[in-house]
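Since the structure comes first, as C-alpha cells, the remarks are kept for the end.
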Amino acid sequence: MDGDVGRSRNLILAAMVFAVGMMFIDQTIVSIAIPELQRDLGLSETGMQWVINGYLLSLSALFALGGRVADVFGHRRIVIVGVIVFAAASALCGATPDGGGAEAWLIAFRVIQGAGAALMMPAALAIVIASFPVSERGKAMAIFFAITGGLTAIGPIAGGYLTEVDWRAIFWVNVPIAVIALALIAISKPPDERNPEPIDYPGAVLVTLGMALAVLGLQQAGEWGWTDVKTIGCFVAGLAVLGAFVARERRVDVPLIRLSIFRNRAFSIDMVVLLFLMIPFVALFFFGSTYAQLSLGWEPSEAGLYLLVFFGGFAAASQWGGRILDRVGPRPSVIAGLALAAAGFALWAQALPDLDWDNQWYWIVMAGAGFGLVLGPANTDAINRSSRENYGEVTGLTQTVRNFGSSLGLAVLGSILIVQNRSNLETTLGEQGVPREKADEIAAAVAGSGGGSHSESFASHTGAKAKEIFEAIQLDYALSTRTVFYVMAGVMAVAFVVALVGMPGGKVEAEEPAPPGGPVPAP
C-alpha cells in the first residue's frame, strides 16, 4: 500500500512539473528569438520590449489572485484551466499573422500566457504540498525546484535551436508539453480540495493594479530613467494602491490574503529571504548569457550551456537542502546556502575579466549550490506554515514576492550594468581615439544587442581598428558584469545576515488544523 501511495505521489509530482515547466522555459526562451521576431514581423523597439515585459507584468500582477482562486475553486481544476489557457495562448503566439496587426496580436497573447501561468503555478505548488506529508515535503519540493529551475536554463538552448528552424516553434513547443501534463493529471488524479469562500474582488483589483504599476515602473525605469516623472509616478501610485489593498484586507471578513500570517516570524523571514534571493536569480540568466556571448564569443546555444553549469550545482544542492528541511528545518540549509552563494558570486565576479571559462566554472557551481540550498527550503517552509485550505493563497503570495524580487533585480542590476559599461567604454574608446559621440553609439549598441557578436557592426563604426576595439569592448563588458556580480554577492550577504539573526530553528511538525467544516473535496 505504501508503495502504491508513493508511486501515486510521484506521478502527481511529474504531472505538476510538466504543467509548470512551460512557464519556466518561457521565462528565457523568447528572449533568444527576439531578433528573428523583429525582422520577420517588423516589430518596433517598444513592441519588442513588450513581448517580454507583457508576459512578466501579467504574471507578477495576477499571482495573488491566482492562488486565491485555486483555493476557492479547486487546485486541480485551476491547474487544468491554467495549462489550457497557457497552451492556447502559446499556439496563438506562434500563429501571429504577418502585417500591421502582428505586434498587437503577439503582445496580447503573451499577456494571456502570463495570466495562464499565474493561475497554474500557485495551484500546482499547492497540489505538490498537499500530496506529501510534512516530513517528506522538503525532498519533493527539492525535486520540483531542481527540475523547473533547470528548465529555465534550458530555455536559451532550446530557443537557439528552435529559432534556427522557425521562431514560431518556440511557442508551439508548449502544446505537446501541455498535452502530456493534462494526460498525467488525468491519470494521477491530484487532490482537488476547495474552500468555497467568497473572493474579495475589490481587493483582487487593488492588488493586481498595485503590483502592475510597481512592476511597470521597474520594467520601464531603464528606458524612462529612474528620476523620470513616469517612473516615479508608477512607483508612487503602485505603493499607494497596495497600501489601500492592505487597509482593505485588514477590515474585510474574508480577505484575499490573510495578512495575519505575517505575524509568524518564521514565515516573514522566509519571505524576506525569497525576496533577496530572487533579486539576482533571474537577472543572472540575462547577464550571464550576454557575458558568454559578448565577452567569451560564444553562440547563443552555447551560452545556455554556460548557465546549465549553474543549475548543475543548484540541482545537486537542492536535494541536500530538501533533506535538511525534512530532518531539522530550514535554518541550517538557508544560512549555509546564502553564505555559499555570496562567496560564489564574489569569486565568480573576480574571475570574469580573465575571459577564461576554465577559471570560472567551479565558482559558478558554488553559487548555484548556494541557491539550491536556499530556494526549496525557504519556499516550502513558508507554505508549511499555512493551513491546508490556504495553500493556494500562500503559494500565490510566495510567487508574488519572488516575481517582484526578480523584477527589482532586473531593473536595478540592469541599470548598474548599463551605466558602468557606458563609463568603461567611453574611457577605453577615448584612449583609442574614438570620439565621445561614437563611443556613446557603440555603448548603446552593446547595451541593446542581447549579447551577440557584433564585430561587423563595430567595424563599420571604427574602421581598421575594429579588432582591437572589439577586444576592448569584450573586456569592458566583462568588467561591467563583474561590478554587477559583486552587487549580487552583496545582496546575498545581506540575506545571510537577515537569516542568521531572524530565522528561528526547528521545523513544522504537522499541518495547521483546518477551520470548522474544513476544505471541501471537489466532486
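By order of appearance in the C-alpha cells: chains A, B, ..., then residues from 1 within every chain, and ligands from 1 in the order shown.
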
- Task: Identify, on the basis of only C-alpha atoms, every residue whose closest approach to Leu375 in chain A does not exceed 10 Å; exclude the query and any residue fewer than 4 positions from it along the same chain; express the result as a list in words.
- Result: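 In the requested form, the answer reads Met141, Ala142, Phe145, Ala146, Asp270, Val273, Leu274, Leu277, Met278, Phe314, Ser318, Gly321, Gly322, Ser333, Val334, Gly337, Leu338, Gly370, Phe371, Asn379 and Thr380 of chain A.
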
Would you write out those residues with all heavy atoms, as a short mmCIF file (atom, residue, chain, number, x, y, z; two decimals), in the first residue's frame?
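Output contents, as saved in out38.cif:
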data_model
loop_
_atom_site.label_atom_id
_atom_site.label_comp_id
_atom_site.auth_asym_id
_atom_site.auth_seq_id
_atom_site.Cartn_x
_atom_site.Cartn_y
_atom_site.Cartn_z
N MET A 141 9.75 18.94 -2.85
CA MET A 141 9.90 20.28 -3.41
C MET A 141 11.29 20.51 -3.96
O MET A 141 11.50 21.29 -4.89
CB MET A 141 9.56 21.33 -2.35
CG MET A 141 8.09 21.33 -1.95
SD MET A 141 6.99 21.82 -3.29
CE MET A 141 7.18 23.60 -3.19
N ALA A 142 12.28 19.81 -3.39
CA ALA A 142 13.64 19.91 -3.94
C ALA A 142 13.67 19.37 -5.37
O ALA A 142 14.29 19.97 -6.26
CB ALA A 142 14.62 19.13 -3.06
N PHE A 145 11.78 21.99 -7.64
CA PHE A 145 12.54 23.20 -7.97
C PHE A 145 13.80 22.88 -8.77
O PHE A 145 14.23 23.70 -9.59
CB PHE A 145 12.90 23.97 -6.69
CG PHE A 145 11.74 24.73 -6.11
CD1 PHE A 145 11.26 24.45 -4.84
CD2 PHE A 145 11.12 25.74 -6.84
CE1 PHE A 145 10.19 25.16 -4.31
CE2 PHE A 145 10.06 26.44 -6.32
CZ PHE A 145 9.59 26.16 -5.05
N ALA A 146 14.41 21.72 -8.55
CA ALA A 146 15.60 21.36 -9.32
C ALA A 146 15.25 21.21 -10.79
O ALA A 146 15.96 21.72 -11.67
CB ALA A 146 16.20 20.06 -8.78
N ASP A 270 11.15 33.88 5.96
CA ASP A 270 11.17 33.12 4.71
C ASP A 270 10.89 34.03 3.52
O ASP A 270 11.55 33.95 2.47
CB ASP A 270 10.13 32.01 4.74
CG ASP A 270 10.52 30.83 5.61
OD1 ASP A 270 11.74 30.60 5.78
OD2 ASP A 270 9.62 30.12 6.10
N VAL A 273 13.81 36.39 2.79
CA VAL A 273 14.90 35.63 2.15
C VAL A 273 14.57 35.37 0.68
O VAL A 273 15.42 35.53 -0.20
CB VAL A 273 15.14 34.31 2.90
CG1 VAL A 273 16.01 33.35 2.07
CG2 VAL A 273 15.78 34.57 4.24
N LEU A 274 13.33 34.98 0.38
CA LEU A 274 12.93 34.73 -1.01
C LEU A 274 13.03 36.00 -1.85
O LEU A 274 13.45 35.95 -3.01
CB LEU A 274 11.50 34.18 -1.06
CG LEU A 274 11.33 32.73 -0.59
CD1 LEU A 274 9.85 32.38 -0.53
CD2 LEU A 274 12.05 31.76 -1.52
N LEU A 277 16.70 36.58 -2.46
CA LEU A 277 17.25 35.51 -3.31
C LEU A 277 16.92 35.74 -4.78
O LEU A 277 17.75 35.48 -5.66
CB LEU A 277 16.69 34.16 -2.85
CG LEU A 277 17.33 32.92 -3.46
CD1 LEU A 277 18.72 32.71 -2.89
CD2 LEU A 277 16.47 31.68 -3.21
N MET A 278 15.72 36.25 -5.05
CA MET A 278 15.29 36.38 -6.45
C MET A 278 15.84 37.64 -7.11
O MET A 278 15.76 37.77 -8.34
CB MET A 278 13.76 36.38 -6.52
CG MET A 278 13.12 35.09 -6.04
SD MET A 278 13.84 33.58 -6.77
CE MET A 278 13.31 33.78 -8.47
N PHE A 314 22.99 23.84 -8.55
CA PHE A 314 21.67 24.09 -7.96
C PHE A 314 20.91 22.78 -7.73
O PHE A 314 20.38 22.54 -6.65
CB PHE A 314 20.88 25.01 -8.89
CG PHE A 314 19.48 25.30 -8.45
CD1 PHE A 314 19.19 26.39 -7.67
CD2 PHE A 314 18.43 24.47 -8.84
CE1 PHE A 314 17.88 26.66 -7.27
CE2 PHE A 314 17.13 24.72 -8.44
CZ PHE A 314 16.86 25.82 -7.66
N SER A 318 20.03 21.29 -4.06
CA SER A 318 18.63 21.38 -3.68
C SER A 318 18.15 20.08 -3.03
O SER A 318 17.28 20.09 -2.15
CB SER A 318 17.75 21.73 -4.89
OG SER A 318 17.77 20.68 -5.84
N GLY A 321 19.33 20.29 0.49
CA GLY A 321 18.50 21.26 1.21
C GLY A 321 17.16 20.69 1.59
O GLY A 321 16.66 20.92 2.71
N GLY A 322 16.54 19.93 0.68
CA GLY A 322 15.25 19.32 0.98
C GLY A 322 15.33 18.32 2.11
O GLY A 322 14.46 18.28 3.00
N SER A 333 20.19 24.89 6.35
CA SER A 333 20.37 24.90 4.89
C SER A 333 20.36 26.31 4.33
O SER A 333 21.19 26.67 3.48
CB SER A 333 19.25 24.07 4.24
OG SER A 333 19.40 24.03 2.85
N VAL A 334 19.43 27.14 4.80
CA VAL A 334 19.30 28.51 4.29
C VAL A 334 20.54 29.34 4.64
O VAL A 334 21.09 30.04 3.78
CB VAL A 334 18.02 29.19 4.84
CG1 VAL A 334 18.03 30.68 4.55
CG2 VAL A 334 16.79 28.54 4.22
N GLY A 337 23.50 28.06 2.64
CA GLY A 337 23.32 28.36 1.22
C GLY A 337 23.57 29.82 0.89
O GLY A 337 24.21 30.13 -0.13
N LEU A 338 23.09 30.71 1.73
CA LEU A 338 23.30 32.14 1.47
C LEU A 338 24.78 32.51 1.59
O LEU A 338 25.29 33.32 0.81
CB LEU A 338 22.45 32.97 2.44
CG LEU A 338 20.94 32.91 2.20
CD1 LEU A 338 20.19 33.57 3.34
CD2 LEU A 338 20.56 33.56 0.87
N GLY A 370 24.68 27.21 -3.65
CA GLY A 370 24.13 28.09 -2.61
C GLY A 370 22.65 28.34 -2.82
O GLY A 370 21.84 28.23 -1.88
N PHE A 371 22.28 28.65 -4.06
CA PHE A 371 20.86 28.87 -4.35
C PHE A 371 20.04 27.61 -4.12
O PHE A 371 18.91 27.67 -3.63
CB PHE A 371 20.70 29.34 -5.80
CG PHE A 371 20.81 30.82 -5.98
CD1 PHE A 371 22.04 31.45 -5.93
CD2 PHE A 371 19.69 31.60 -6.18
CE1 PHE A 371 22.15 32.82 -6.08
CE2 PHE A 371 19.78 32.96 -6.33
CZ PHE A 371 21.02 33.58 -6.28
N ASN A 379 11.02 28.34 0.51
CA ASN A 379 9.69 28.36 -0.11
C ASN A 379 8.77 27.35 0.56
O ASN A 379 7.61 27.64 0.89
CB ASN A 379 9.83 28.05 -1.61
CG ASN A 379 8.68 28.60 -2.42
OD1 ASN A 379 8.84 29.54 -3.19
ND2 ASN A 379 7.51 28.02 -2.28
N THR A 380 9.28 26.13 0.77
CA THR A 380 8.46 25.07 1.36
C THR A 380 8.11 25.38 2.81
O THR A 380 6.97 25.16 3.24
CB THR A 380 9.20 23.73 1.27
OG1 THR A 380 9.60 23.51 -0.08
CG2 THR A 380 8.31 22.59 1.73
#

- Distance query Asp476 in chain A at most 8 Å, only C-alpha atoms, self and fewer than 5 positions along chain excluded, as an MDAnalysis selection string: chainID A and resid 421 424:425 428

Got time to write the residues from that selection, C-alpha atoms, as a PDB file, in the first residue's frame?
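The resulting result.pdb:
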ATOM      1  CA  ASN A 421      29.508  49.734 -19.202  1.00  0.00           C
ATOM      2  CA  ASN A 424      34.044  51.864 -19.141  1.00  0.00           C
ATOM      3  CA  LEU A 425      33.574  52.118 -22.909  1.00  0.00           C
ATOM      4  CA  THR A 428      38.533  52.842 -23.254  1.00  0.00           C
TER       5      THR A 428
END

Would you list the contacts of Asp253 in chain A as a PDB file with N, CA, C and O atoms, in the first residue's frame, taking every protein, DNA or RNA residue within 12 Å and counting only C-alpha atoms, but skipping same-chain residues closer than 5 positions in sequence?
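Output contents, as saved in selection.pdb:
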ATOM      1  N   GLU A 197     -15.159  29.847  -0.164  1.00  0.00           N
ATOM      2  CA  GLU A 197     -15.393  31.141   0.460  1.00  0.00           C
ATOM      3  C   GLU A 197     -15.577  32.194  -0.629  1.00  0.00           C
ATOM      4  O   GLU A 197     -15.132  32.001  -1.776  1.00  0.00           O
ATOM      5  N   PRO A 198     -16.205  33.309  -0.292  1.00  0.00           N
ATOM      6  CA  PRO A 198     -16.301  34.393  -1.274  1.00  0.00           C
ATOM      7  C   PRO A 198     -14.932  34.991  -1.571  1.00  0.00           C
ATOM      8  O   PRO A 198     -14.057  35.015  -0.693  1.00  0.00           O
ATOM      9  N   ILE A 199     -14.740  35.424  -2.797  1.00  0.00           N
ATOM     10  CA  ILE A 199     -13.482  36.078  -3.188  1.00  0.00           C
ATOM     11  C   ILE A 199     -13.652  37.589  -3.058  1.00  0.00           C
ATOM     12  O   ILE A 199     -14.659  38.153  -3.488  1.00  0.00           O
ATOM     13  N   ASP A 200     -12.682  38.203  -2.465  1.00  0.00           N
ATOM     14  CA  ASP A 200     -12.678  39.662  -2.296  1.00  0.00           C
ATOM     15  C   ASP A 200     -12.263  40.315  -3.627  1.00  0.00           C
ATOM     16  O   ASP A 200     -11.097  40.625  -3.844  1.00  0.00           O
ATOM     17  N   GLY A 203     -10.563  43.713  -3.496  1.00  0.00           N
ATOM     18  CA  GLY A 203      -9.182  43.516  -3.076  1.00  0.00           C
ATOM     19  C   GLY A 203      -8.328  42.957  -4.199  1.00  0.00           C
ATOM     20  O   GLY A 203      -7.160  43.340  -4.362  1.00  0.00           O
ATOM     21  N   ARG A 248      -7.695  47.569   3.240  1.00  0.00           N
ATOM     22  CA  ARG A 248      -8.951  46.851   3.000  1.00  0.00           C
ATOM     23  C   ARG A 248      -8.892  45.442   3.596  1.00  0.00           C
ATOM     24  O   ARG A 248      -9.853  44.985   4.236  1.00  0.00           O
ATOM     25  N   ARG A 258      -4.715  36.662   3.838  1.00  0.00           N
ATOM     26  CA  ARG A 258      -4.784  36.796   5.290  1.00  0.00           C
ATOM     27  C   ARG A 258      -3.457  37.343   5.802  1.00  0.00           C
ATOM     28  O   ARG A 258      -2.494  36.591   6.002  1.00  0.00           O
TER      29      ARG A 258
END

- Pick out the closest residue to Ala478 in chain A from this set: A:Leu284, A:Val72, A:Ile170, A:Leu296. Count only C-alpha atoms.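 Using only C-alpha atoms, Ala478 in chain A sits closest to A:Leu296.
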
Per residue of range 101-201 of chain A within 12 Å of range 289-292 of chain A, note the shortest atom pair and the distance in Å to one decimal, counting only C-alpha atoms, and order the rows by chain and increasing residue number, as a Markdown table.
| residue | atom | partner | partner_atom | distance |
| --- | --- | --- | --- | --- |
| A:Ala153 | CA | A:Ser289 | CA | 9.8 |
| A:Ile154 | CA | A:Ser289 | CA | 11.8 |
| A:Gly155 | CA | A:Ser289 | CA | 11.3 |
| A:Pro156 | CA | A:Ser289 | CA | 8.4 |
| A:Ile157 | CA | A:Ser289 | CA | 10.5 |
| A:Gly160 | CA | A:Ser289 | CA | 12.0 |
